file protein26.csv (CSV, C-alpha atoms)
chain,number,residue,atom,x,y,z
A,27,MET,CA,-13.6,0.7,28.5
A,28,LYS,CA,-14.6,4.3,28.8
A,29,ARG,CA,-16.1,5.8,25.7
A,30,ASN,CA,-14.8,9.1,24.4
A,31,LEU,CA,-17.2,12.1,24.0
A,32,ILE,CA,-16.6,14.2,20.9
A,33,LEU,CA,-18.1,17.6,19.9
A,34,ILE,CA,-18.4,17.4,16.1
A,35,SER,CA,-20.0,19.5,13.3
A,36,LEU,CA,-22.9,18.1,11.4
A,37,SER,CA,-24.4,20.0,8.6
A,38,SER,CA,-26.5,19.1,5.5
A,39,GLY,CA,-25.2,18.4,2.0
A,40,GLY,CA,-21.6,17.3,1.2
A,41,PHE,CA,-20.1,18.3,4.5
A,42,GLY,CA,-22.8,16.5,6.3
A,43,PHE,CA,-22.3,13.4,4.1
A,44,GLN,CA,-18.6,13.3,5.1
A,45,ALA,CA,-19.4,14.0,8.8
A,46,THR,CA,-22.0,11.3,8.9
A,47,ASN,CA,-19.6,8.7,7.5
A,48,LEU,CA,-17.0,9.7,10.1
A,49,ILE,CA,-19.5,9.7,13.0
A,50,ASN,CA,-20.8,6.3,12.1
A,51,HIS,CA,-17.2,5.0,11.9
A,52,LEU,CA,-16.2,6.5,15.3
A,53,SER,CA,-19.4,5.5,17.0
A,54,LYS,CA,-18.0,2.1,18.0
A,55,ASP,CA,-15.8,3.9,20.5
A,56,CYS,CA,-17.3,7.4,20.9
A,57,ASP,CA,-20.4,9.4,21.9
A,58,PHE,CA,-21.2,12.7,20.4
A,59,ILE,CA,-22.4,16.3,20.8
A,60,TYR,CA,-23.4,17.8,17.5
A,61,MET,CA,-23.0,21.4,16.3
A,62,THR,CA,-25.4,21.9,13.4
A,63,ASN,CA,-26.8,24.7,11.2
A,64,ARG,CA,-30.2,25.8,9.7
A,65,PHE,CA,-30.2,23.1,7.1
A,66,GLY,CA,-28.4,20.8,9.5
A,67,ARG,CA,-29.6,17.5,10.6
A,68,SER,CA,-30.9,16.3,13.9
A,69,PRO,CA,-29.2,13.0,14.8
A,70,GLU,CA,-32.4,11.1,13.9
A,71,GLU,CA,-32.7,12.6,10.4
A,72,ALA,CA,-29.0,12.1,9.7
A,73,ARG,CA,-29.0,8.4,10.6
A,74,VAL,CA,-26.2,8.9,13.2
A,75,PRO,CA,-26.2,8.0,16.8
A,76,SER,CA,-28.4,10.1,19.1
A,77,GLY,CA,-26.7,12.8,21.1
A,78,VAL,CA,-27.1,16.4,22.4
A,79,TYR,CA,-27.1,18.9,19.6
A,80,PHE,CA,-27.2,22.7,19.2
A,81,ARG,CA,-27.9,24.9,16.2
A,82,VAL,CA,-25.8,27.9,15.0
A,83,PRO,CA,-26.6,30.5,12.4
A,84,ASP,CA,-25.5,30.1,8.7
A,85,PHE,CA,-22.6,31.8,7.1
A,86,GLN,CA,-23.0,34.2,4.2
A,87,THR,CA,-22.2,31.5,1.7
A,88,VAL,CA,-25.5,29.7,2.5
A,89,THR,CA,-27.8,32.7,3.2
A,90,SER,CA,-26.4,35.1,0.5
A,91,GLY,CA,-26.5,37.7,3.2
A,92,SER,CA,-24.0,40.4,4.2
A,93,PRO,CA,-20.6,39.6,5.7
A,94,LEU,CA,-22.2,40.6,9.0
A,95,THR,CA,-24.2,37.4,8.7
A,96,SER,CA,-20.9,35.4,8.9
A,97,LEU,CA,-19.6,37.5,11.7
A,98,TRP,CA,-22.7,36.9,13.7
A,99,SER,CA,-22.5,33.2,13.0
A,100,ALA,CA,-18.9,33.1,14.1
A,101,ILE,CA,-19.6,34.8,17.4
A,102,VAL,CA,-22.7,32.7,18.2
A,103,THR,CA,-20.8,29.5,17.3
A,104,PHE,CA,-17.8,30.4,19.4
A,105,PHE,CA,-19.8,31.2,22.6
A,106,LYS,CA,-22.3,28.3,22.2
A,107,SER,CA,-19.4,25.9,21.6
A,108,PHE,CA,-17.6,27.3,24.6
A,109,TYR,CA,-20.7,26.7,26.8
A,110,TYR,CA,-21.3,23.1,25.5
A,111,ILE,CA,-17.6,22.2,26.0
A,112,LEU,CA,-17.6,23.5,29.5
A,113,ARG,CA,-20.9,21.8,30.3
A,114,TYR,CA,-20.2,18.3,28.7
A,115,ARG,CA,-16.4,18.2,28.7
A,116,PRO,CA,-15.8,16.4,25.4
A,117,LYS,CA,-12.4,14.9,24.9
A,118,ALA,CA,-12.0,16.2,21.4
A,119,VAL,CA,-13.5,18.6,18.9
A,120,ILE,CA,-13.8,17.8,15.2
A,121,GLY,CA,-14.9,20.2,12.5
A,122,VAL,CA,-15.7,18.7,9.1
A,123,ALA,CA,-15.3,21.5,6.5
A,124,MET,CA,-18.2,23.6,7.7
A,125,PRO,CA,-17.0,27.2,8.2
A,126,GLN,CA,-18.6,27.6,11.6
A,127,SER,CA,-16.5,24.7,12.8
A,128,ILE,CA,-13.4,27.0,12.8
A,129,PHE,CA,-14.9,29.0,15.7
A,130,MET,CA,-16.1,25.8,17.4
A,131,LEU,CA,-12.5,24.5,17.2
A,132,MET,CA,-11.1,27.8,18.6
A,133,ALA,CA,-13.3,27.4,21.7
A,134,GLY,CA,-12.1,23.8,22.0
A,135,ARG,CA,-8.4,24.8,21.6
A,136,ILE,CA,-8.8,27.6,24.3
A,137,LEU,CA,-10.3,25.0,26.6
A,138,GLY,CA,-7.5,22.5,26.0
A,139,LYS,CA,-9.3,19.9,24.0
A,140,LYS,CA,-7.8,17.9,21.1
A,141,THR,CA,-8.9,19.6,17.9
A,142,PHE,CA,-9.1,18.3,14.4
A,143,TYR,CA,-10.2,20.3,11.3
A,144,ILE,CA,-11.0,18.1,8.3
A,145,GLU,CA,-10.9,19.8,4.8
A,146,SER,CA,-13.7,18.7,2.4
A,147,ILE,CA,-12.9,15.8,0.1
A,148,THR,CA,-13.9,18.1,-2.8
A,149,ARG,CA,-10.7,20.1,-2.3
A,150,THR,CA,-8.1,18.2,-4.2
A,151,HIS,CA,-5.6,20.9,-5.2
A,152,THR,CA,-6.9,24.3,-3.9
A,153,PRO,CA,-7.6,24.8,-0.2
A,154,SER,CA,-10.9,26.3,0.9
A,155,LYS,CA,-11.3,29.7,2.5
A,156,SER,CA,-12.2,27.8,5.7
A,157,LEU,CA,-8.9,25.9,5.7
A,158,LYS,CA,-6.9,29.1,5.1
A,159,ILE,CA,-8.7,30.9,8.0
A,160,CYS,CA,-8.3,27.8,10.2
A,161,SER,CA,-4.6,27.9,9.5
A,162,ARG,CA,-4.3,31.7,10.1
A,163,LEU,CA,-6.1,31.5,13.4
A,164,HIS,CA,-4.4,28.3,14.5
A,165,ALA,CA,-7.8,27.1,15.3
A,166,ALA,CA,-7.0,23.4,15.2
A,167,ARG,CA,-4.0,21.3,16.4
A,168,HIS,CA,-4.5,19.0,13.4
A,169,MET,CA,-5.5,20.3,9.9
A,170,LEU,CA,-6.3,17.2,7.9
A,171,VAL,CA,-6.7,17.2,4.1
A,172,GLN,CA,-8.1,14.2,2.2
A,173,TRP,CA,-5.9,14.3,-0.9
A,174,LYS,CA,-2.1,14.1,-0.9
A,175,SER,CA,-2.0,16.7,-3.6
A,176,LEU,CA,-3.4,19.3,-1.2
A,177,GLN,CA,-1.0,18.5,1.6
A,178,ASP,CA,1.7,21.0,0.7
A,179,THR,CA,-0.5,24.0,-0.2
A,180,ILE,CA,-0.8,25.2,3.4
A,181,PRO,CA,2.0,24.6,6.0
A,182,GLY,CA,1.0,22.3,8.8
A,183,THR,CA,-1.7,20.3,7.0
A,184,GLU,CA,-1.6,16.5,7.2
A,185,PHE,CA,-2.8,13.7,5.0
A,186,ARG,CA,-3.9,10.8,7.1
A,187,GLY,CA,-6.5,9.2,4.9
A,188,ARG,CA,-10.1,10.0,4.0
A,189,VAL,CA,-13.5,9.9,5.8
A,190,ILE,CA,-14.9,8.0,2.8
B,2,MET,CA,-37.3,7.8,-12.4
B,3,ILE,CA,-34.5,10.2,-13.1
B,4,PHE,CA,-33.4,12.3,-10.1
B,5,VAL,CA,-31.6,15.6,-10.7
B,6,THR,CA,-29.9,17.2,-7.6
B,7,VAL,CA,-27.7,20.2,-7.1
B,8,GLY,CA,-27.4,20.4,-3.3
B,9,THR,CA,-28.1,23.3,-1.1
B,10,THR,CA,-25.3,25.9,-1.4
B,11,MET,CA,-25.2,27.2,-5.0
B,12,PRO,CA,-27.7,27.8,-7.8
B,13,PHE,CA,-27.2,25.8,-11.0
B,14,ASP,CA,-29.6,27.3,-13.5
B,15,GLU,CA,-27.8,26.1,-16.6
B,16,LEU,CA,-28.3,22.5,-15.6
B,17,PHE,CA,-32.1,22.9,-15.2
B,18,ILE,CA,-32.4,24.9,-18.4
B,19,GLU,CA,-30.7,22.1,-20.3
B,20,VAL,CA,-32.8,19.4,-18.5
B,21,ASP,CA,-36.0,21.4,-19.3
B,22,ILE,CA,-35.0,21.6,-23.0
B,23,LEU,CA,-34.4,17.9,-23.1
B,24,LEU,CA,-37.7,17.2,-21.4
B,25,ASN,CA,-39.4,19.4,-24.0
B,26,GLU,CA,-37.8,17.2,-26.7
B,27,ASN,CA,-39.1,14.1,-24.8
B,28,TYR,CA,-35.5,13.0,-24.7
B,29,PHE,CA,-35.6,11.1,-21.5
B,30,ASP,CA,-37.3,7.7,-21.3
B,31,ASP,CA,-38.4,8.2,-17.8
B,32,GLU,CA,-40.1,10.8,-15.5
B,33,VAL,CA,-37.8,13.4,-14.0
B,34,ILE,CA,-37.7,14.9,-10.5
B,35,CYS,CA,-35.5,17.9,-9.8
B,36,GLN,CA,-34.1,19.2,-6.5
B,37,THR,CA,-33.3,22.8,-7.5
B,38,GLY,CA,-31.7,24.2,-4.3
B,39,GLN,CA,-30.9,27.8,-4.7
B,40,SER,CA,-31.5,27.9,-8.5
B,41,LYS,CA,-33.6,30.7,-9.9
B,42,TYR,CA,-34.7,28.7,-12.9
B,43,ILE,CA,-37.4,26.2,-12.2
B,44,PRO,CA,-38.0,23.5,-14.8
B,45,LYS,CA,-41.5,23.7,-16.2
B,46,ASN,CA,-41.7,20.2,-17.6
B,47,CYS,CA,-41.2,18.1,-14.5
B,48,GLU,CA,-41.9,17.7,-10.8
B,49,ASN,CA,-39.5,19.7,-8.6
B,50,PHE,CA,-38.7,20.9,-5.1
B,51,ASN,CA,-36.0,23.2,-3.8
B,52,PHE,CA,-35.0,21.7,-0.4
B,53,MET,CA,-35.7,18.6,1.7
B,54,PRO,CA,-34.0,17.6,4.9
B,55,ASN,CA,-33.1,14.2,3.5
B,56,VAL,CA,-33.1,13.2,-0.2
B,57,ASP,CA,-31.9,9.7,0.4
B,58,ARG,CA,-35.2,8.2,-0.7
B,59,TYR,CA,-34.9,9.8,-4.1
B,60,PHE,CA,-31.4,8.3,-4.5
B,61,GLU,CA,-32.9,4.9,-3.6
B,62,GLU,CA,-35.9,5.2,-5.9
B,63,ALA,CA,-34.1,6.7,-8.9
B,64,ASP,CA,-33.1,4.6,-11.9
B,65,PHE,CA,-30.7,7.2,-13.1
B,66,ILE,CA,-29.2,10.2,-11.3
B,67,ILE,CA,-27.8,13.6,-12.6
B,68,VAL,CA,-25.8,15.4,-10.0
B,69,HIS,CA,-23.7,18.5,-9.6
B,70,GLY,CA,-20.1,17.9,-8.5
B,71,GLY,CA,-20.7,18.4,-4.7
B,72,THR,CA,-19.5,15.7,-2.3
B,73,GLY,CA,-22.8,14.6,-0.9
B,74,SER,CA,-24.5,14.4,-4.3
B,75,THR,CA,-21.6,12.8,-6.2
B,76,LEU,CA,-20.6,10.3,-3.5
B,77,GLY,CA,-24.3,9.6,-2.8
B,78,ALA,CA,-24.7,8.7,-6.4
B,79,LEU,CA,-21.6,6.5,-6.4
B,80,GLN,CA,-22.8,4.8,-3.2
B,81,SER,CA,-26.3,4.2,-4.6
B,82,GLY,CA,-24.9,1.9,-7.3
B,83,LYS,CA,-27.1,3.6,-9.8
B,84,PRO,CA,-25.9,4.8,-13.2
B,85,PHE,CA,-25.3,8.6,-13.0
B,86,ILE,CA,-23.6,11.6,-14.6
B,87,ALA,CA,-22.0,14.6,-12.9
B,88,LEU,CA,-21.8,18.3,-13.9
B,89,ALA,CA,-19.3,20.6,-12.4
B,90,ASN,CA,-21.0,23.8,-11.2
B,91,PRO,CA,-18.9,26.8,-12.5
B,92,ARG,CA,-19.8,28.8,-9.5
B,93,ALA,CA,-17.8,26.6,-7.1
B,94,GLU,CA,-14.9,28.5,-5.6
B,95,ALA,CA,-11.6,27.8,-7.4
B,96,ASP,CA,-13.4,25.4,-9.7
B,97,HIS,CA,-13.2,22.8,-7.0
B,98,GLN,CA,-16.1,20.7,-8.3
B,99,ALA,CA,-14.3,20.1,-11.6
B,100,GLU,CA,-11.1,19.3,-9.7
B,101,PHE,CA,-12.9,16.8,-7.5
B,102,LEU,CA,-14.6,15.1,-10.4
B,103,GLN,CA,-11.4,15.0,-12.3
B,104,GLU,CA,-9.6,13.2,-9.4
B,105,LEU,CA,-12.5,10.9,-8.7
B,106,SER,CA,-12.6,9.9,-12.3
B,107,LYS,CA,-9.1,8.5,-11.9
B,108,GLU,CA,-10.4,6.0,-9.3
B,109,TYR,CA,-13.9,5.4,-10.6
B,110,ASN,CA,-15.4,5.0,-14.1
B,111,ILE,CA,-17.7,8.1,-14.0
B,112,TYR,CA,-19.0,10.4,-16.7
B,113,TRP,CA,-18.6,14.1,-15.9
B,114,SER,CA,-18.4,17.4,-17.7
B,115,ARG,CA,-18.1,21.2,-17.2
B,116,GLU,CA,-20.7,21.7,-20.0
B,117,CYS,CA,-24.4,21.1,-19.4
B,118,SER,CA,-24.8,20.6,-23.1
B,119,ASP,CA,-23.0,17.3,-22.6
B,120,ILE,CA,-25.9,15.8,-20.6
B,121,LYS,CA,-27.4,14.4,-23.8
B,122,SER,CA,-24.3,12.5,-24.9
B,123,MET,CA,-23.3,11.4,-21.4
B,124,TYR,CA,-26.7,10.2,-20.5
B,125,ARG,CA,-26.8,7.8,-23.5
B,126,LYS,CA,-23.2,6.6,-22.8
B,127,ALA,CA,-23.9,6.0,-19.1
B,128,ILE,CA,-27.1,4.1,-20.0
B,129,SER,CA,-25.5,2.0,-22.6
B,130,ASN,CA,-22.4,1.3,-20.6
B,131,ASN,CA,-24.5,0.8,-17.4
B,132,ASN,CA,-21.8,2.7,-15.4
B,133,LYS,CA,-22.5,2.4,-11.7
B,134,GLY,CA,-20.9,3.2,-8.4
B,135,THR,CA,-19.7,-0.4,-8.0
B,136,GLY,CA,-16.6,-0.9,-6.1
B,137,PHE,CA,-17.1,2.3,-4.1
B,138,SER,CA,-15.3,2.0,-0.9
B,139,LYS,CA,-16.9,3.3,2.3
B,140,SER,CA,-13.7,2.8,4.4
B,141,CYS,CA,-12.8,5.6,6.7
B,142,THR,CA,-9.0,5.5,7.1
B,143,LEU,CA,-9.0,9.0,8.6
B,144,GLY,CA,-11.5,7.9,11.3
B,145,ASP,CA,-9.0,5.1,12.3
B,146,TRP,CA,-6.2,7.7,12.6
B,147,ILE,CA,-8.4,10.0,14.7
B,148,LEU,CA,-9.3,7.2,17.0
B,149,GLU,CA,-5.6,6.5,17.6
B,150,ASN,CA,-4.9,10.1,18.3
B,151,ILE,CA,-7.8,11.2,20.5
call {"tool": "encode", "arguments": {"input": "protein26.csv", "output": "structure tokens"}}
result
Amino acid sequence: MKRNLILISLSSGGFGFQATNLINHLSKDCDFIYMTNRFGRSPEEARVPSGVYFRVPDFQTVTSGSPLTSLWSAIVTFFKSFYYILRYRPKAVIGVAMPQSIFMLMAGRILGKKTFYIESITRTHTPSKSLKICSRLHAARHMLVQWKSLQDTIPGTEFRGRVI
Amino acid sequence: MIFVTVGTTMPFDELFIEVDILLNENYFDDEVICQTGQSKYIPKNCENFNFMPNVDRYFEEADFIIVHGGTGSTLGALQSGKPFIALANPRAEADHQAEFLQELSKEYNIYWSRECSDIKSMYRKAISNNNKGTGFSKSCTLGDWILENI
């Protein structure tokens, strides 16, 4: 059976913890390309299956820089993702809470890939800015929340279980 | 060893100030190691570091864990099976750490608070009740759904 190739975000901290769990779960049927950030993990460090990975700049929330930092990160993420999707042709693109993943997903959606944005499990009642932006930009076909209580806060979000 | 960790994205000075006060009083029975992240306050009475690519070994080696309410730290502590307490960082957007800990406490027996001054009482309770992350599920129901829909 042919294995699916997936482009997925992999950062450090809580988003990385959730991504790692999801990656290890999907790895029985899938191979991966990783989009990661400055504090992000290489596949070896993160204890996830090996795969091609590329780094993108951090958003303002991590660097405490100006909003231009985030704009720069968004542009770089979009074009790098676009390049890697064209080159490796993954079947799906999955963003796990990381703000950069919105722009990775936009590249995926433009190129006709299946796109999934997963809201962080810490968001139980109040959606993150990332989910709001993802919704406004229609960046992902599926916007998945991990608590039923969050499902109705933004139209179009779905609760289909948790990564943990 | 007691491991204190606050992740990478937000400072949590109040937590380290409180831990430092308790260390000064010789309150803890064990040595303390702090991962301070972006905090400006650096505890004077214990070993500390700001960032490390992977803190898994500290979770493994710790006998007790004090975490902020971020996902990686809280679920890492639950998963470790070690006794722990969690503090919600007030800087978290929309108070989501407190919301998360509140929801999590409905499913697991965890000690958490918004007030760092509660560390003292929670630490004693957690030690005496030996609360651990037992029963923590690592199932990935969302992963199954994604596999069906790729």
call {"tool": "closest_atom_pairs", "arguments": {"input": "protein26.csv", "of": "chain B", "to": "chain A", "cutoff": "6 Å", "atoms": "all atoms listed in the file", "output": "tab-separated table"}}
result
residue	atom	partner	partner_atom	distance
B:Thr10	CA	A:Val88	CA	5.4
B:Thr72	CA	A:Gly40	CA	4.4
B:Gly73	CA	A:Gly40	CA	3.6
B:His97	CA	A:Arg149	CA	6.0
B:Phe101	CA	A:Thr148	CA	5.0
B:Lys139	CA	A:Ile190	CA	5.1
B:Ser140	CA	A:Ile190	CA	5.6
B:Cys141	CA	A:Val189	CA	4.4
B:Thr142	CA	A:Gly187	CA	5.0
B:Leu143	CA	A:Gly187	CA	4.5
B:Gly144	CA	A:Leu48	CA	5.9
call {"tool": "atom_distance", "arguments": {"input": "protein26.csv", "atom1": "atom CA of Ser107 of chain A", "atom2": "atom CA of His164 of chain A"}}
result
16.8 Å
call {"tool": "atom_distance", "arguments": {"input": "protein26.csv", "atom1": "atom CA of Phe108 of chain A", "atom2": "atom CA of Gly138 of chain A"}}
result
11.3 Å
call {"tool": "atom_distance", "arguments": {"input": "protein26.csv", "atom1": "atom CA of Asp145 of chain B", "atom2": "atom CA of Glu108 of chain B"}}
result
21.7 Å
call {"tool": "closest_residue", "arguments": {"input": "protein26.csv", "among": "A:Leu137, A:Pro75, A:Pro116, A:Gly182", "to": "Arg162 of chain A", "atoms": "only C-alpha atoms"}}
result
A:Gly182
call {"tool": "closest_residue", "arguments": {"input": "protein26.csv", "among": "A:Leu36, A:Val74, A:Ser96, A:Asp178", "to": "Lys54 of chain A", "atoms": "all atoms listed in the file"}}
result
A:Val74
call {"tool": "residues_around", "arguments": {"input": "protein26.csv", "residues": "Ala166 of chain A", "least_positions_apart": "5", "cutoff": "7 Å", "atoms": "only C-alpha atoms", "output": "list in words"}}
result
Leu131, Met132, Arg135, Thr141, Phe142, Tyr143 and Cys160 of chain A
call {"tool": "write_last_selection", "arguments": {"input": "protein26.csv", "atoms": "C-alpha atoms", "output": "PDB file, in the coordinates of the input"}}
result
ATOM      1  CA  LEU A 131     -12.500  24.500  17.200  1.00  0.00           C
ATOM      2  CA  MET A 132     -11.100  27.800  18.600  1.00  0.00           C
ATOM      3  CA  ARG A 135      -8.400  24.800  21.600  1.00  0.00           C
ATOM      4  CA  THR A 141      -8.900  19.600  17.900  1.00  0.00           C
ATOM      5  CA  PHE A 142      -9.100  18.300  14.400  1.00  0.00           C
ATOM      6  CA  TYR A 143     -10.200  20.300  11.300  1.00  0.00           C
ATOM      7  CA  CYS A 160      -8.300  27.800  10.200  1.00  0.00           C
TER       8      CYS A 160
END
call {"tool": "residues_around", "arguments": {"input": "protein26.csv", "residues": "Phe17 of chain B", "least_positions_apart": "6", "cutoff": "9 Å", "atoms": "only C-alpha atoms", "output": "ChimeraX atom specification"}}
result
/B:5,35,37,40,42-44,117
call {"tool": "decode", "arguments": {"input": "protein26.csv", "residues": "segment 47-57 of chain B", "atoms": "all heavy atoms", "output": "PDB file, in the first residue's frame"}}
result
ATOM      1  N   CYS B  47      19.290  28.331  43.160  1.00  0.00           N
ATOM      2  CA  CYS B  47      19.267  26.986  42.556  1.00  0.00           C
ATOM      3  C   CYS B  47      19.897  27.020  41.162  1.00  0.00           C
ATOM      4  O   CYS B  47      20.105  28.086  40.583  1.00  0.00           O
ATOM      5  CB  CYS B  47      17.837  26.461  42.463  1.00  0.00           C
ATOM      6  SG  CYS B  47      16.809  27.398  41.335  1.00  0.00           S
ATOM      7  N   GLU B  48      20.143  25.842  40.658  1.00  0.00           N
ATOM      8  CA  GLU B  48      20.666  25.699  39.295  1.00  0.00           C
ATOM      9  C   GLU B  48      19.565  26.115  38.315  1.00  0.00           C
ATOM     10  O   GLU B  48      18.375  25.859  38.570  1.00  0.00           O
ATOM     11  CB  GLU B  48      21.030  24.225  39.071  1.00  0.00           C
ATOM     12  CG  GLU B  48      21.764  23.944  37.774  1.00  0.00           C
ATOM     13  CD  GLU B  48      22.040  22.444  37.603  1.00  0.00           C
ATOM     14  OE1 GLU B  48      22.363  21.770  38.606  1.00  0.00           O
ATOM     15  OE2 GLU B  48      21.909  21.972  36.464  1.00  0.00           O
ATOM     16  N   ASN B  49      19.936  26.761  37.223  1.00  0.00           N
ATOM     17  CA  ASN B  49      18.902  27.136  36.240  1.00  0.00           C
ATOM     18  C   ASN B  49      19.484  27.276  34.841  1.00  0.00           C
ATOM     19  O   ASN B  49      20.692  27.411  34.673  1.00  0.00           O
ATOM     20  CB  ASN B  49      18.208  28.436  36.661  1.00  0.00           C
ATOM     21  CG  ASN B  49      19.168  29.591  36.731  1.00  0.00           C
ATOM     22  OD1 ASN B  49      19.573  30.127  35.706  1.00  0.00           O
ATOM     23  ND2 ASN B  49      19.585  29.958  37.944  1.00  0.00           N
ATOM     24  N   PHE B  50      18.610  27.234  33.859  1.00  0.00           N
ATOM     25  CA  PHE B  50      18.971  27.487  32.459  1.00  0.00           C
ATOM     26  C   PHE B  50      17.737  28.058  31.781  1.00  0.00           C
ATOM     27  O   PHE B  50      16.608  27.886  32.272  1.00  0.00           O
ATOM     28  CB  PHE B  50      19.453  26.200  31.770  1.00  0.00           C
ATOM     29  CG  PHE B  50      18.437  25.107  31.702  1.00  0.00           C
ATOM     30  CD1 PHE B  50      17.586  24.963  30.601  1.00  0.00           C
ATOM     31  CD2 PHE B  50      18.302  24.198  32.746  1.00  0.00           C
ATOM     32  CE1 PHE B  50      16.631  23.958  30.543  1.00  0.00           C
ATOM     33  CE2 PHE B  50      17.343  23.181  32.693  1.00  0.00           C
ATOM     34  CZ  PHE B  50      16.514  23.061  31.588  1.00  0.00           C
ATOM     35  N   ASN B  51      17.935  28.767  30.662  1.00  0.00           N
ATOM     36  CA  ASN B  51      16.754  29.367  30.025  1.00  0.00           C
ATOM     37  C   ASN B  51      16.133  28.451  28.965  1.00  0.00           C
ATOM     38  O   ASN B  51      14.957  28.131  29.016  1.00  0.00           O
ATOM     39  CB  ASN B  51      17.036  30.763  29.482  1.00  0.00           C
ATOM     40  CG  ASN B  51      18.220  30.798  28.536  1.00  0.00           C
ATOM     41  OD1 ASN B  51      18.827  29.774  28.250  1.00  0.00           O
ATOM     42  ND2 ASN B  51      18.557  31.973  28.053  1.00  0.00           N
ATOM     43  N   PHE B  52      16.934  28.023  28.004  1.00  0.00           N
ATOM     44  CA  PHE B  52      16.383  27.161  26.956  1.00  0.00           C
ATOM     45  C   PHE B  52      17.245  25.920  26.766  1.00  0.00           C
ATOM     46  O   PHE B  52      18.445  25.945  27.002  1.00  0.00           O
ATOM     47  CB  PHE B  52      16.322  27.903  25.609  1.00  0.00           C
ATOM     48  CG  PHE B  52      15.424  29.094  25.632  1.00  0.00           C
ATOM     49  CD1 PHE B  52      15.951  30.381  25.572  1.00  0.00           C
ATOM     50  CD2 PHE B  52      14.049  28.945  25.709  1.00  0.00           C
ATOM     51  CE1 PHE B  52      15.131  31.496  25.599  1.00  0.00           C
ATOM     52  CE2 PHE B  52      13.216  30.037  25.733  1.00  0.00           C
ATOM     53  CZ  PHE B  52      13.758  31.315  25.677  1.00  0.00           C
ATOM     54  N   MET B  53      16.627  24.868  26.290  1.00  0.00           N
ATOM     55  CA  MET B  53      17.337  23.640  25.926  1.00  0.00           C
ATOM     56  C   MET B  53      16.472  22.969  24.854  1.00  0.00           C
ATOM     57  O   MET B  53      15.242  22.994  24.964  1.00  0.00           O
ATOM     58  CB  MET B  53      17.462  22.746  27.154  1.00  0.00           C
ATOM     59  CG  MET B  53      18.519  21.693  27.017  1.00  0.00           C
ATOM     60  SD  MET B  53      18.877  20.926  28.600  1.00  0.00           S
ATOM     61  CE  MET B  53      20.032  22.089  29.328  1.00  0.00           C
ATOM     62  N   PRO B  54      17.079  22.425  23.806  1.00  0.00           N
ATOM     63  CA  PRO B  54      16.250  21.844  22.746  1.00  0.00           C
ATOM     64  C   PRO B  54      15.287  20.779  23.251  1.00  0.00           C
ATOM     65  O   PRO B  54      14.164  20.654  22.771  1.00  0.00           O
ATOM     66  CB  PRO B  54      17.271  21.224  21.782  1.00  0.00           C
ATOM     67  CG  PRO B  54      18.554  21.895  22.070  1.00  0.00           C
ATOM     68  CD  PRO B  54      18.515  22.297  23.512  1.00  0.00           C
ATOM     69  N   ASN B  55      15.707  20.042  24.230  1.00  0.00           N
ATOM     70  CA  ASN B  55      14.858  18.946  24.694  1.00  0.00           C
ATOM     71  C   ASN B  55      14.999  18.789  26.218  1.00  0.00           C
ATOM     72  O   ASN B  55      16.081  18.485  26.706  1.00  0.00           O
ATOM     73  CB  ASN B  55      15.285  17.660  23.971  1.00  0.00           C
ATOM     74  CG  ASN B  55      14.270  16.558  24.144  1.00  0.00           C
ATOM     75  OD1 ASN B  55      13.477  16.572  25.081  1.00  0.00           O
ATOM     76  ND2 ASN B  55      14.287  15.598  23.239  1.00  0.00           N
ATOM     77  N   VAL B  56      13.911  19.014  26.937  1.00  0.00           N
ATOM     78  CA  VAL B  56      13.975  18.925  28.409  1.00  0.00           C
ATOM     79  C   VAL B  56      13.442  17.587  28.927  1.00  0.00           C
ATOM     80  O   VAL B  56      13.219  17.422  30.119  1.00  0.00           O
ATOM     81  CB  VAL B  56      13.204  20.089  29.092  1.00  0.00           C
ATOM     82  CG1 VAL B  56      13.882  21.417  28.840  1.00  0.00           C
ATOM     83  CG2 VAL B  56      11.751  20.108  28.663  1.00  0.00           C
ATOM     84  N   ASP B  57      13.263  16.628  28.017  1.00  0.00           N
ATOM     85  CA  ASP B  57      12.682  15.335  28.408  1.00  0.00           C
ATOM     86  C   ASP B  57      13.444  14.676  29.557  1.00  0.00           C
ATOM     87  O   ASP B  57      12.842  14.075  30.443  1.00  0.00           O
ATOM     88  CB  ASP B  57      12.660  14.362  27.214  1.00  0.00           C
ATOM     89  CG  ASP B  57      11.650  14.786  26.155  1.00  0.00           C
ATOM     90  OD1 ASP B  57      10.927  15.764  26.404  1.00  0.00           O
ATOM     91  OD2 ASP B  57      11.598  14.144  25.088  1.00  0.00           O
TER      92      ASP B  57
END
